[in-house]
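Below is query20.cif, which holds mmCIF, C-alpha atoms.
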```
data_protein
loop_
_atom_site.label_atom_id
_atom_site.label_comp_id
_atom_site.auth_asym_id
_atom_site.auth_seq_id
_atom_site.Cartn_x
_atom_site.Cartn_y
_atom_site.Cartn_z
CA MET G 244 0.84 -29.51 -2.59
CA ASP G 245 3.42 -29.30 -5.35
CA ILE G 246 6.23 -27.26 -3.74
CA ASP G 247 8.62 -27.74 -6.67
CA LEU G 248 6.13 -26.18 -9.03
CA ILE G 249 5.58 -23.22 -6.69
CA LEU G 250 9.34 -22.65 -6.47
CA ARG G 251 9.61 -22.81 -10.24
CA VAL G 252 6.88 -20.31 -11.08
CA TYR G 253 7.02 -17.85 -8.20
CA PRO G 254 9.32 -15.32 -9.95
CA HIS G 255 6.58 -14.76 -12.52
CA PHE G 256 4.11 -14.16 -9.72
CA LEU G 257 6.44 -11.66 -8.07
CA LYS G 258 6.69 -9.73 -11.32
CA ALA G 259 2.91 -9.80 -11.62
CA ALA G 260 2.59 -8.62 -8.02
CA VAL G 261 4.68 -5.56 -8.89
CA LEU G 262 2.22 -4.76 -11.68
CA THR G 263 -0.69 -5.22 -9.25
CA ILE G 264 0.98 -2.73 -6.90
CA GLU G 265 1.55 -0.24 -9.73
CA LEU G 266 -2.08 -0.57 -10.78
CA SER G 267 -3.27 -0.14 -7.19
CA VAL G 268 -1.17 2.98 -6.58
CA LEU G 269 -2.20 4.71 -9.82
CA THR G 270 -5.84 3.73 -9.34
CA ALA G 271 -5.80 5.00 -5.76
CA ILE G 272 -4.37 8.36 -6.86
CA LEU G 273 -6.94 8.74 -9.63
CA GLY G 274 -9.69 7.55 -7.27
CA LEU G 275 -8.73 10.14 -4.66
CA ILE G 276 -8.77 12.90 -7.29
CA CYS G 277 -12.18 11.79 -8.60
CA GLY G 278 -13.46 11.32 -5.06
CA SER G 279 -12.40 14.81 -4.00
CA LEU G 280 -13.91 16.41 -7.08
CA GLY G 281 -17.04 14.31 -6.66
CA ALA G 282 -17.42 15.28 -3.01
CA ALA G 283 -16.88 18.94 -3.86
CA ALA G 284 -19.53 18.66 -6.57
CA ARG G 285 -22.01 16.93 -4.25
CA LEU G 286 -21.54 19.66 -1.64
CA SER G 287 -21.68 22.51 -4.12
CA ARG G 288 -24.14 25.39 -3.72
CA LEU G 289 -25.17 25.06 -7.36
CA LYS G 290 -27.95 22.59 -7.99
CA ALA G 291 -26.66 21.64 -11.47
CA ILE G 292 -23.22 20.72 -10.10
CA ARG G 293 -24.75 18.79 -7.19
CA PHE G 294 -26.76 16.86 -9.77
CA ILE G 295 -23.64 16.00 -11.79
CA GLY G 296 -21.94 14.72 -8.64
CA ALA G 297 -24.95 12.64 -7.65
CA ALA G 298 -25.29 11.21 -11.17
CA TYR G 299 -21.60 10.23 -11.21
CA VAL G 300 -21.93 8.37 -7.91
CA SER G 301 -25.20 6.71 -8.83
CA LEU G 302 -24.09 5.51 -12.27
CA PHE G 303 -20.70 4.20 -11.20
CA ARG G 304 -21.98 2.53 -8.05
CA GLY G 305 -25.09 1.21 -9.75
CA THR G 306 -23.36 -0.83 -12.46
CA PRO G 307 -20.64 -3.51 -12.27
CA ALA G 308 -17.04 -2.34 -12.43
CA LEU G 309 -16.38 -5.08 -14.99
CA ILE G 310 -18.98 -3.60 -17.38
CA GLN G 311 -17.49 -0.12 -16.93
CA LEU G 312 -14.08 -1.53 -17.74
CA PHE G 313 -15.33 -3.35 -20.86
CA LEU G 314 -17.26 -0.28 -22.00
CA LEU G 315 -14.12 1.83 -21.75
CA TYR G 316 -11.66 -0.67 -23.22
CA PHE G 317 -13.72 -2.36 -25.95
CA GLY G 318 -16.34 0.35 -26.54
CA GLY G 319 -13.99 3.32 -26.20
CA PRO G 320 -12.53 3.11 -29.75
CA GLN G 321 -16.07 3.53 -31.17
CA ILE G 322 -16.34 6.96 -29.57
CA GLY G 323 -12.72 7.90 -30.27
CA ILE G 324 -11.06 6.80 -27.02
CA GLN G 325 -8.06 4.57 -27.77
CA LEU G 326 -6.44 3.18 -24.63
CA ASP G 327 -4.15 0.23 -24.03
CA ALA G 328 -5.31 -2.35 -21.49
CA PHE G 329 -3.23 -0.94 -18.62
CA GLN G 330 -4.44 2.63 -19.17
CA ALA G 331 -8.04 1.48 -19.51
CA GLY G 332 -7.64 -0.52 -16.30
CA VAL G 333 -6.34 2.43 -14.30
CA ILE G 334 -8.89 4.89 -15.67
CA GLY G 335 -11.84 2.49 -15.41
CA LEU G 336 -11.03 1.31 -11.89
CA GLY G 337 -10.08 4.84 -10.80
CA LEU G 338 -13.41 6.29 -11.94
CA ASN G 339 -15.22 3.40 -10.26
CA ILE G 340 -13.49 3.63 -6.87
CA GLY G 341 -13.71 7.42 -7.12
CA ALA G 342 -17.50 7.14 -6.88
CA TYR G 343 -17.18 5.18 -3.62
CA MET G 344 -14.54 7.60 -2.34
CA THR G 345 -16.84 10.52 -3.16
CA GLU G 346 -19.30 9.20 -0.60
CA THR G 347 -16.55 8.53 1.95
CA ILE G 348 -15.09 12.02 1.64
CA ARG G 349 -18.50 13.67 1.60
CA GLY G 350 -19.48 11.66 4.68
CA ALA G 351 -16.39 12.84 6.55
CA ILE G 352 -16.97 16.47 5.60
CA ILE G 353 -20.63 16.56 6.62
CA SER G 354 -19.91 14.83 9.91
CA VAL G 355 -17.80 17.80 11.05
CA HIS G 356 -20.09 19.67 13.41
CA LYS G 357 -22.11 22.48 11.83
CA GLY G 358 -21.20 24.84 14.66
CA GLN G 359 -17.63 24.82 13.36
CA THR G 360 -18.63 26.53 10.10
CA GLU G 361 -20.91 28.91 11.93
CA ALA G 362 -18.20 29.86 14.41
CA ALA G 363 -15.64 30.38 11.64
CA ARG G 364 -18.09 32.51 9.67
CA THR G 365 -18.88 34.55 12.78
CA LEU G 366 -15.16 35.23 13.18
CA GLY G 367 -15.24 36.85 9.77
CA MET G 368 -13.86 34.04 7.60
CA SER G 369 -15.20 33.69 4.08
CA ARG G 370 -17.00 30.46 3.13
CA TRP G 371 -13.88 29.21 1.39
CA GLN G 372 -11.61 30.12 4.33
CA ALA G 373 -13.93 28.36 6.76
CA THR G 374 -13.82 25.22 4.60
CA ARG G 375 -10.09 25.38 3.98
CA TYR G 376 -8.86 26.19 7.51
CA VAL G 377 -11.59 24.81 9.78
CA ILE G 378 -13.63 22.06 8.12
CA LEU G 379 -11.18 20.19 5.87
CA PRO G 380 -8.42 19.72 8.48
CA GLN G 381 -10.98 18.07 10.77
CA ALA G 382 -12.57 16.07 7.96
CA PHE G 383 -9.17 14.67 6.88
CA ARG G 384 -8.77 13.01 10.26
CA LEU G 385 -12.16 11.36 9.92
CA MET G 386 -11.70 10.06 6.39
CA VAL G 387 -8.38 8.20 6.70
CA ARG G 388 -9.84 4.95 8.04
CA PRO G 389 -12.88 4.69 5.73
CA LEU G 390 -10.70 5.59 2.74
CA GLY G 391 -8.50 2.70 3.85
CA VAL G 392 -11.51 0.41 3.44
CA ASN G 393 -12.01 1.78 -0.09
CA ILE G 394 -8.34 1.18 -0.88
CA ASN G 395 -8.54 -2.38 0.43
CA ALA G 396 -11.48 -3.02 -1.94
CA LEU G 397 -9.56 -1.33 -4.74
CA ILE G 398 -6.56 -3.63 -4.40
CA LYS G 399 -8.80 -6.68 -4.73
CA GLY G 400 -10.67 -4.90 -7.50
CA THR G 401 -7.51 -4.67 -9.62
CA ALA G 402 -8.03 -8.39 -10.33
CA LEU G 403 -10.73 -7.33 -12.80
CA VAL G 404 -8.19 -6.10 -15.32
CA ALA G 405 -7.24 -9.75 -15.80
CA ALA G 406 -10.38 -9.84 -17.94
CA ILE G 407 -8.81 -7.35 -20.37
CA SER G 408 -5.52 -9.29 -20.36
CA VAL G 409 -3.32 -7.11 -18.14
CA VAL G 410 -0.69 -9.52 -16.85
CA GLU G 411 -1.21 -8.86 -13.14
CA LEU G 412 -1.52 -11.41 -10.33
CA THR G 413 -4.92 -12.89 -11.12
CA TYR G 414 -4.20 -13.12 -14.84
CA THR G 415 -0.90 -14.85 -14.08
CA ALA G 416 -2.61 -17.27 -11.70
CA GLN G 417 -5.29 -17.99 -14.28
CA ARG G 418 -2.70 -18.63 -16.99
CA TYR G 419 -0.72 -21.02 -14.78
CA ILE G 420 -3.87 -22.81 -13.66
CA GLY G 421 -4.61 -23.37 -17.33
CA SER G 422 -1.14 -24.70 -18.15
CA THR G 423 -0.35 -26.71 -15.00
CA TYR G 424 -3.83 -27.82 -13.83
CA LYS G 425 -2.79 -27.00 -10.27
CA PRO G 426 -5.49 -24.48 -9.24
CA PHE G 427 -4.91 -24.82 -5.52
CA GLU G 428 -1.17 -24.14 -5.61
CA MET G 429 -1.59 -21.17 -7.91
CA PHE G 430 -4.38 -19.76 -5.75
CA ILE G 431 -2.24 -20.01 -2.62
CA LEU G 432 0.71 -18.38 -4.36
CA ALA G 433 -1.32 -15.45 -5.72
CA GLY G 434 -3.44 -15.28 -2.55
CA VAL G 435 -0.41 -14.95 -0.28
CA LEU G 436 0.96 -12.12 -2.42
CA TYR G 437 -2.39 -10.30 -2.38
CA MET G 438 -2.59 -10.66 1.38
CA ILE G 439 0.93 -9.29 1.83
CA ILE G 440 0.02 -6.25 -0.29
CA ILE G 441 -3.25 -5.74 1.57
CA TYR G 442 -1.69 -6.28 4.99
CA ALA G 443 1.12 -3.81 4.30
CA THR G 444 -1.36 -1.23 3.02
CA GLY G 445 -3.57 -1.75 6.07
CA ARG G 446 -0.60 -1.16 8.39
CA GLY G 447 0.26 2.00 6.48
CA ILE G 448 -3.30 3.28 6.81
CA SER G 449 -3.41 2.50 10.55
CA TRP G 450 -0.12 4.34 11.03
CA LEU G 451 -1.44 7.37 9.17
CA ASP G 452 -4.72 7.22 11.07
CA LYS G 453 -2.92 7.22 14.42
CA LYS G 454 -0.67 10.04 13.30
CA VAL G 455 -3.49 12.40 12.31
CA ARG G 456 -5.85 11.52 15.16
CA ILE G 457 -6.10 14.02 17.99
CA GLN G 458 -5.34 12.28 21.27
CA MET A 898 -16.99 3.61 -36.39
CA GLY A 899 -19.89 5.55 -34.89
CA LEU A 900 -22.62 4.29 -32.62
CA ASP A 901 -25.61 2.42 -33.98
CA PHE A 902 -28.14 1.17 -31.48
CA SER A 903 -30.45 -0.21 -34.18
CA VAL A 904 -28.72 -3.63 -33.88
CA VAL A 905 -29.80 -3.97 -30.25
CA PRO A 906 -33.51 -4.92 -30.65
CA GLY A 907 -32.50 -7.99 -32.68
CA PHE A 908 -30.79 -9.35 -29.57
CA PHE A 909 -33.62 -8.56 -27.19
CA ASP A 910 -34.15 -12.23 -26.33
CA VAL A 911 -30.46 -12.83 -25.68
CA ILE A 912 -30.26 -9.83 -23.35
CA MET A 913 -33.46 -10.76 -21.50
CA GLN A 914 -32.15 -14.26 -20.98
CA GLY A 915 -29.01 -12.69 -19.56
CA VAL A 916 -31.12 -10.55 -17.22
CA PHE A 917 -32.97 -13.66 -16.06
CA TRP A 918 -29.77 -15.57 -15.27
CA THR A 919 -28.21 -12.56 -13.56
CA ILE A 920 -31.22 -12.32 -11.26
CA ALA A 921 -31.24 -16.09 -10.75
CA ILE A 922 -27.58 -16.29 -9.78
CA THR A 923 -27.86 -13.20 -7.58
CA VAL A 924 -30.80 -14.69 -5.68
CA ALA A 925 -29.17 -18.12 -5.38
CA ALA A 926 -25.89 -16.65 -4.16
CA ALA A 927 -27.66 -14.17 -1.85
CA VAL A 928 -29.61 -16.94 -0.12
CA LEU A 929 -26.46 -19.04 0.20
CA SER A 930 -24.47 -16.08 1.56
CA PHE A 931 -27.19 -15.25 4.10
CA PHE A 932 -27.51 -18.72 5.63
CA GLY A 933 -23.81 -19.43 5.08
CA GLY A 934 -23.04 -16.21 6.93
CA ILE A 935 -25.11 -17.27 9.94
CA PHE A 936 -23.55 -20.74 9.87
CA PHE A 937 -19.98 -19.40 9.70
CA ALA A 938 -20.71 -16.87 12.44
CA VAL A 939 -22.03 -19.53 14.82
CA ILE A 940 -19.05 -21.78 14.11
CA ALA A 941 -16.56 -18.95 14.59
CA LEU A 942 -18.13 -18.00 17.94
CA TYR A 943 -19.26 -21.27 19.49
CA ALA A 944 -17.48 -24.24 17.91
CA PRO A 945 -14.44 -25.81 19.59
CA ARG A 946 -11.11 -24.38 18.45
CA VAL A 947 -10.24 -27.35 16.24
CA ILE A 948 -13.12 -26.29 14.03
CA SER A 949 -13.29 -22.54 14.59
CA TRP A 950 -9.59 -21.84 13.92
CA PRO A 951 -9.44 -23.39 10.45
CA MET A 952 -12.72 -21.57 9.85
CA LYS A 953 -11.10 -18.26 10.76
CA GLY A 954 -8.20 -19.05 8.46
CA PHE A 955 -10.64 -19.71 5.66
CA GLU A 956 -12.42 -16.40 6.35
CA TRP A 957 -9.14 -14.55 6.45
CA LEU A 958 -8.12 -16.05 3.09
CA PHE A 959 -11.45 -15.21 1.48
CA MET A 960 -11.45 -11.64 2.74
CA GLY A 961 -7.89 -10.99 1.62
CA THR A 962 -8.07 -12.21 -1.97
CA PRO A 963 -10.03 -11.05 -5.02
CA LEU A 964 -13.34 -12.72 -5.86
CA LEU A 965 -12.19 -13.38 -9.41
CA LEU A 966 -9.26 -15.45 -8.13
CA GLN A 967 -11.60 -17.39 -5.83
CA LEU A 968 -13.93 -18.14 -8.73
CA PHE A 969 -11.03 -19.58 -10.70
CA LEU A 970 -10.05 -21.71 -7.69
CA ILE A 971 -13.55 -23.08 -7.18
CA TYR A 972 -14.27 -23.71 -10.83
CA PHE A 973 -10.96 -25.31 -11.78
CA GLY A 974 -10.25 -26.75 -8.35
CA LEU A 975 -13.46 -28.75 -8.33
CA ILE A 976 -12.70 -30.08 -11.81
CA GLN A 977 -9.26 -31.12 -10.59
CA ILE A 978 -10.67 -33.21 -7.77
CA GLY A 979 -13.13 -34.77 -10.19
CA ILE A 980 -16.28 -32.77 -9.46
CA ASP A 981 -17.53 -31.23 -12.69
CA LEU A 982 -20.20 -28.79 -11.56
CA PRO A 983 -22.24 -26.79 -14.07
CA ALA A 984 -20.90 -23.23 -14.35
CA PHE A 985 -24.06 -21.83 -12.77
CA VAL A 986 -23.62 -23.95 -9.63
CA ALA A 987 -19.90 -23.21 -9.37
CA GLY A 988 -20.63 -19.52 -9.90
CA SER A 989 -23.32 -19.29 -7.22
CA LEU A 990 -21.14 -21.31 -4.87
CA GLY A 991 -18.19 -18.97 -5.38
CA LEU A 992 -20.23 -15.77 -5.08
CA GLY A 993 -22.23 -17.16 -2.15
CA LEU A 994 -19.17 -18.27 -0.17
CA HIS A 995 -17.37 -14.99 -0.81
CA PHE A 996 -20.25 -12.93 0.55
CA ALA A 997 -21.05 -15.44 3.32
CA VAL A 998 -17.66 -14.57 4.78
CA TYR A 999 -18.46 -10.85 4.73
CA ASN A 1000 -21.93 -11.48 6.20
CA SER A 1001 -20.42 -13.69 8.88
CA GLU A 1002 -18.22 -10.81 10.06
CA LEU A 1003 -21.31 -8.62 10.44
CA ILE A 1004 -23.38 -11.30 12.16
CA GLN A 1005 -20.59 -12.21 14.60
CA THR A 1006 -20.38 -8.63 15.86
CA SER A 1007 -24.13 -8.48 16.04
CA ILE A 1008 -24.50 -11.76 18.00
CA LEU A 1009 -21.97 -10.49 20.53
CA ALA A 1010 -23.98 -7.28 20.85
CA VAL A 1011 -27.22 -9.07 21.79
CA ASP A 1012 -27.70 -8.60 25.52
CA LYS A 1013 -26.30 -11.51 27.54
CA GLY A 1014 -29.50 -11.61 29.60
CA GLN A 1015 -31.36 -12.93 26.55
CA MET A 1016 -29.30 -16.10 26.46
CA GLU A 1017 -29.44 -16.46 30.24
CA ALA A 1018 -33.22 -16.00 30.31
CA ALA A 1019 -33.71 -18.54 27.52
CA ARG A 1020 -31.48 -21.06 29.31
CA THR A 1021 -33.39 -20.48 32.57
CA LEU A 1022 -36.63 -21.23 30.74
CA GLY A 1023 -35.21 -24.63 29.87
CA LEU A 1024 -34.10 -24.09 26.27
CA SER A 1025 -30.88 -25.81 25.29
CA ARG A 1026 -27.91 -23.74 24.14
CA GLY A 1027 -28.67 -24.54 20.51
CA GLN A 1028 -32.34 -23.69 20.92
CA SER A 1029 -31.53 -20.40 22.66
CA LEU A 1030 -29.27 -19.46 19.76
CA ARG A 1031 -31.75 -20.55 17.12
CA TYR A 1032 -34.90 -19.00 18.57
CA ILE A 1033 -33.72 -16.12 20.77
CA VAL A 1034 -30.25 -14.79 19.96
CA ILE A 1035 -29.82 -15.22 16.20
CA PRO A 1036 -33.17 -13.69 15.16
CA GLN A 1037 -32.32 -10.55 17.13
CA ALA A 1038 -28.77 -10.46 15.84
CA VAL A 1039 -29.81 -10.89 12.22
CA ARG A 1040 -32.52 -8.21 12.48
CA ASP A 1041 -29.91 -5.67 13.52
CA VAL A 1042 -27.65 -6.31 10.53
CA ILE A 1043 -30.27 -6.34 7.77
CA PRO A 1044 -29.17 -2.94 6.37
CA PRO A 1045 -25.44 -3.76 6.02
CA ILE A 1046 -26.28 -7.26 4.74
CA GLY A 1047 -28.51 -5.54 2.18
CA ASN A 1048 -25.51 -3.49 1.06
CA ASN A 1049 -23.55 -6.70 0.63
CA MET A 1050 -26.36 -8.12 -1.52
CA ILE A 1051 -26.21 -5.07 -3.78
CA ALA A 1052 -22.45 -5.53 -4.06
CA LEU A 1053 -23.15 -9.18 -4.88
CA LEU A 1054 -25.44 -8.20 -7.76
CA LYS A 1055 -22.66 -6.15 -9.31
CA ASP A 1056 -20.02 -8.80 -8.66
CA SER A 1057 -22.23 -11.39 -10.35
CA ALA A 1058 -20.80 -9.95 -13.60
CA LEU A 1059 -17.58 -11.78 -12.72
CA VAL A 1060 -19.10 -15.24 -13.18
CA SER A 1061 -19.15 -14.50 -16.92
CA VAL A 1062 -15.45 -15.44 -16.93
CA ILE A 1063 -16.22 -19.00 -15.86
CA GLY A 1064 -18.90 -19.30 -18.52
CA VAL A 1065 -22.23 -18.53 -16.85
CA THR A 1066 -24.39 -16.95 -19.56
CA GLU A 1067 -25.64 -14.08 -17.43
CA LEU A 1068 -26.02 -10.49 -18.58
CA THR A 1069 -22.33 -9.75 -19.16
CA LEU A 1070 -21.66 -12.92 -21.13
CA SER A 1071 -24.92 -12.44 -23.08
CA ALA A 1072 -23.72 -8.98 -24.07
CA GLN A 1073 -20.41 -10.51 -25.14
CA LEU A 1074 -22.20 -13.11 -27.26
CA ALA A 1075 -24.12 -10.35 -29.03
CA ILE A 1076 -20.88 -8.40 -29.49
CA GLY A 1077 -19.22 -11.47 -30.98
CA ARG A 1078 -21.82 -11.46 -33.74
CA THR A 1079 -22.14 -7.71 -34.34
CA TYR A 1080 -18.75 -6.21 -33.34
CA ARG A 1081 -20.58 -3.46 -31.50
CA PRO A 1082 -19.11 -3.52 -27.96
CA PHE A 1083 -20.14 -0.03 -26.89
CA GLU A 1084 -23.83 -0.51 -27.70
CA PHE A 1085 -24.21 -3.85 -25.95
CA TYR A 1086 -22.12 -3.05 -22.88
CA ALA A 1087 -24.13 0.16 -22.53
CA VAL A 1088 -27.36 -1.82 -22.75
CA ALA A 1089 -26.02 -4.29 -20.16
CA ALA A 1090 -25.07 -1.38 -17.90
CA VAL A 1091 -28.60 0.04 -18.15
CA CYS A 1092 -30.08 -3.39 -17.30
CA TYR A 1093 -27.80 -3.73 -14.26
CA TYR A 1094 -28.72 -0.23 -13.17
CA ILE A 1095 -32.43 -1.02 -13.34
CA ILE A 1096 -32.05 -4.33 -11.48
CA ASN A 1097 -29.99 -2.45 -8.91
CA LEU A 1098 -32.75 0.14 -8.41
CA GLY A 1099 -35.33 -2.62 -8.04
CA MET A 1100 -33.20 -4.41 -5.49
CA GLU A 1101 -32.65 -1.23 -3.49
CA ALA A 1102 -36.42 -0.64 -3.39
CA VAL A 1103 -37.05 -4.20 -2.14
CA LEU A 1104 -34.36 -3.86 0.52
CA ARG A 1105 -35.71 -0.53 1.73
CA ARG A 1106 -39.16 -2.09 2.18
CA LEU A 1107 -37.62 -5.01 4.03
CA GLU A 1108 -35.71 -2.64 6.31
CA ARG A 1109 -38.89 -0.74 7.10
CA ARG A 1110 -40.72 -3.95 8.00
CA VAL A 1111 -37.88 -5.07 10.21
CA GLN A 1112 -37.87 -1.67 11.91
CA ALA A 1113 -41.61 -1.95 12.51
CA SER A 1114 -41.24 -5.35 14.20
CA ARG A 1115 -39.11 -3.88 16.96
#
```
Could you render the structure from this file as structure tokens?
Amino acid sequence: MDIDLILRVYPHFLKAAVLTIELSVLTAILGLICGSLGAAARLSRLKAIRFIGAAYVSLFRGTPALIQLFLLYFGGPQIGIQLDAFQAGVIGLGLNIGAYMTETIRGAIISVHKGQTEAARTLGMSRWQATRYVILPQAFRLMVRPLGVNINALIKGTALVAAISVVELTYTAQRYIGSTYKPFEMFILAGVLYMIIIYATGRGISWLDKKVRIQ
Amino acid sequence: MGLDFSVVPGFFDVIMQGVFWTIAITVAAAVLSFFGGIFFAVIALYAPRVISWPMKGFEWLFMGTPLLLQLFLIYFGLIQIGIDLPAFVAGSLGLGLHFAVYNSELIQTSILAVDKGQMEAARTLGLSRGQSLRYIVIPQAVRDVIPPIGNNMIALLKDSALVSVIGVTELTLSAQLAIGRTYRPFEFYAVAAVCYYIINLGMEAVLRRLERRVQASR
């Protein structure tokens, strides 16, 4: 283990880790937006909208995230979408994780007992009121933990943007492996930083989960 | 520059070769991850601590880091210690190990959930500990986790696109080769996406049949 080398290059890795965090946060926000819209679409009363939601989930979960990213970044200009690598990374990964989050959010909503809607409707609430004041507050509690699993996958998934040359952790590790021929050291350095990010996120999710759970 | 799919048929062979290698590496890595998962699970649960603790560290490291990073480690790391494996072997090894760790987590929980009486009964009948595991406990444990392992295999198919970065000429890299000659990224990535989608549907159908058979054997 070449400690001197690690001490020499770690500042670059820290900078890259910051970019990985930025990517993760933006992707998570976009993913949550897409996931909420997707879940709403999948639970819609209109068949056409349900179909759009189902197609979104099926297409984005049925093909590799890497291909989606390449299609957006390299193929986008052909259909008039010009994005830089970072933007393409956030949008591509966000749409991808959004499809997984759609299923998580939908799962949480449909696992709230049916009697809850019926009771709320009987009390004279409109369909929207029943959803807004009775169903969603209960569903939120159920979705925190599984969304945490999605976010964990998302953080590791940000490594994919290395393939379109965003200088995040994996790209940095790859570049230093190429120039120093020390794959193990670089892996440990990047790996430790990933695990710190994932561990901290996991703690945050657990905290939130405990906070919203009814004792 | 608009879209022009008329260039695609000329690369039919290249794409089909990519499809073949994608299926090949998915199957190779899936088999490795299945048996590797059982192996890791047994070690984590039954081996002495000198072996099981480093094993847990290894699992922890593999679950907490991106697959792409692990592929770089395996590919370049093996070269560094003088083992120059073909990209296909390094790729299936990386994919297989990554998913073996995830399968191991599932199988561990499942082994612990098999009723204790099964092991006790097997031991009473004169089977050794290893035999009881091999013939009584593990088959029951594995049967219970076929559906989630199937989900991991589908994830593996999609993650097989990553081995293109270490030079395995599977579907993604085949598409890139075609793009290199035609400068038509949208068309070929779209074609690759369609191929993945179809393979994915086929795999889901096979897994559903397998699940039904396993259910029937209960």
Report task. Carefully work through the PyMOL selection byres ((chain A) within 7 of (chain G)) for this structure and note down the residues it includes, as number ranges by chain. Result -> A: 898-900, 961-963, 965-966, 969-970, 973-974, 1055-1056, 1058, 1082-1083, 1086-1087, 1090, 1093-1094, 1097
Requested in this report: Find the residues near Leu262 of chain G: any atom within 10 Å, counting only C-alpha atoms, skip ones fewer than 5 places away on the same chain, and give them as number ranges by chain.
Outcome: G: 256-257, 267-268, 329, 401, 409-412
Query raised in the report: Given the file above and the PyMOL selection byres ((chain A and resi 1101) around 12), which residues are selected, and can you give them as a list of chain:residue names?
Result: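 Residues picked by the PyMOL selection byres ((chain A and resi 1101) around 12): G:Gly305, A:Pro1044, A:Gly1047, A:Asn1048, A:Asn1049, A:Met1050, A:Ile1051, A:Ala1052, A:Leu1054, A:Tyr1094, A:Ile1095, A:Ile1096, A:Asn1097, A:Leu1098, A:Gly1099, A:Met1100, A:Ala1102, A:Val1103, A:Leu1104, A:Arg1105, A:Arg1106, A:Leu1107, A:Glu1108.
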Just C-alpha atoms for this one: save the residues we selected as a short mmCIF file (atom, residue, chain, number, x, y, z; two decimals), keeping the file's coordinate frame.
```cif
data_model
loop_
_atom_site.label_atom_id
_atom_site.label_comp_id
_atom_site.auth_asym_id
_atom_site.auth_seq_id
_atom_site.Cartn_x
_atom_site.Cartn_y
_atom_site.Cartn_z
CA GLY G 305 -25.09 1.21 -9.75
CA PRO A 1044 -29.17 -2.94 6.37
CA GLY A 1047 -28.51 -5.54 2.18
CA ASN A 1048 -25.51 -3.49 1.06
CA ASN A 1049 -23.55 -6.70 0.63
CA MET A 1050 -26.36 -8.12 -1.52
CA ILE A 1051 -26.21 -5.07 -3.78
CA ALA A 1052 -22.45 -5.53 -4.06
CA LEU A 1054 -25.44 -8.20 -7.76
CA TYR A 1094 -28.72 -0.23 -13.17
CA ILE A 1095 -32.43 -1.02 -13.34
CA ILE A 1096 -32.05 -4.33 -11.48
CA ASN A 1097 -29.99 -2.45 -8.91
CA LEU A 1098 -32.75 0.14 -8.41
CA GLY A 1099 -35.33 -2.62 -8.04
CA MET A 1100 -33.20 -4.41 -5.49
CA ALA A 1102 -36.42 -0.64 -3.39
CA VAL A 1103 -37.05 -4.20 -2.14
CA LEU A 1104 -34.36 -3.86 0.52
CA ARG A 1105 -35.71 -0.53 1.73
CA ARG A 1106 -39.16 -2.09 2.18
CA LEU A 1107 -37.62 -5.01 4.03
CA GLU A 1108 -35.71 -2.64 6.31
#
```
Requested in this report: Name the residues in contact with segment 377-386 of chain G at a cut-off of 8 Å, using only C-alpha atoms, excluding same-chain residues fewer than 6 positions from it; report them as a list in words.
Outcome: Thr347, Ile348, Ala351, Ile352, Ser354, Val355, Gln359, Thr360, Ala363, Asp452, Val455 and Arg456 of chain G
Query raised in the report: Do you know which residues the PyMOL selection byres ((chain A and resi 1072) around 8) returns on this file, as a ChimeraX atom specification?
Result: /A:911-912,915,1068-1071,1073-1076,1085-1086,1089
Query raised in the report: Could you work out how far atom CA of Val1060 of chain A lies from atom CA of Asp981 of chain A, giving the answer in Å with one decimal?
Result: 16.1 Å
Query raised in the report: So what do you get for atom CA of Arg288 of chain G versus atom CA of Gly274 of chain G, distance-wise?
Result: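 A separation of 23.2 Å between them.
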Query raised in the report: Quick one, how far is atom CA of Lys454 of chain G from atom CA of Val392 of chain G?
Result: 17.5 Å
Report task. Compile the contact shell of Ala1038 of chain A as a ChimeraX atom specification: residues with an atom at most 7 Å away, counting all atoms listed in the file, same-chain residues fewer than 2 positions apart removed. Result -> /A:1004,1007-1008,1011,1034-1036,1040-1042
Query raised in the report: Do you know which residues lie at most 12 Å from (-8.5, -21.5, 14.8), with coordinates as in the file and all atoms listed in the file counted, and could you write them as a PyMOL selection string?
Result: chain A and resi 940-957
Requested in this report: Do a neighbour search on segment 929-936 of chain A at 9 Å with only C-alpha atoms, toss out local chain neighbours closer than 3 positions, and write the hits as an NGL selection string.
Outcome: :A and (924-926 or 939-941 or 989-990 or 992-1005 or 1035 or 1039 or 1046 or 1050)
What does the file look like for those residues with C-alpha atoms, as a compact mmCIF listing (two decimals), keeping the file's coordinate frame?
```txt
# COMPACT_ATOMS: atom_id res chain seq x y z
CA VAL A 924 -30.80 -14.69 -5.68
CA ALA A 925 -29.17 -18.12 -5.38
CA ALA A 926 -25.89 -16.65 -4.16
CA VAL A 939 -22.03 -19.53 14.82
CA ILE A 940 -19.05 -21.78 14.11
CA ALA A 941 -16.56 -18.95 14.59
CA SER A 989 -23.32 -19.29 -7.22
CA LEU A 990 -21.14 -21.31 -4.87
CA LEU A 992 -20.23 -15.77 -5.08
CA GLY A 993 -22.23 -17.16 -2.15
CA LEU A 994 -19.17 -18.27 -0.17
CA HIS A 995 -17.37 -14.99 -0.81
CA PHE A 996 -20.25 -12.93 0.55
CA ALA A 997 -21.05 -15.44 3.32
CA VAL A 998 -17.66 -14.57 4.78
CA TYR A 999 -18.46 -10.85 4.73
CA ASN A 1000 -21.93 -11.48 6.20
CA SER A 1001 -20.42 -13.69 8.88
CA GLU A 1002 -18.22 -10.81 10.06
CA LEU A 1003 -21.31 -8.62 10.44
CA ILE A 1004 -23.38 -11.30 12.16
CA GLN A 1005 -20.59 -12.21 14.60
CA ILE A 1035 -29.82 -15.22 16.20
CA VAL A 1039 -29.81 -10.89 12.22
CA ILE A 1046 -26.28 -7.26 4.74
CA MET A 1050 -26.36 -8.12 -1.52
```
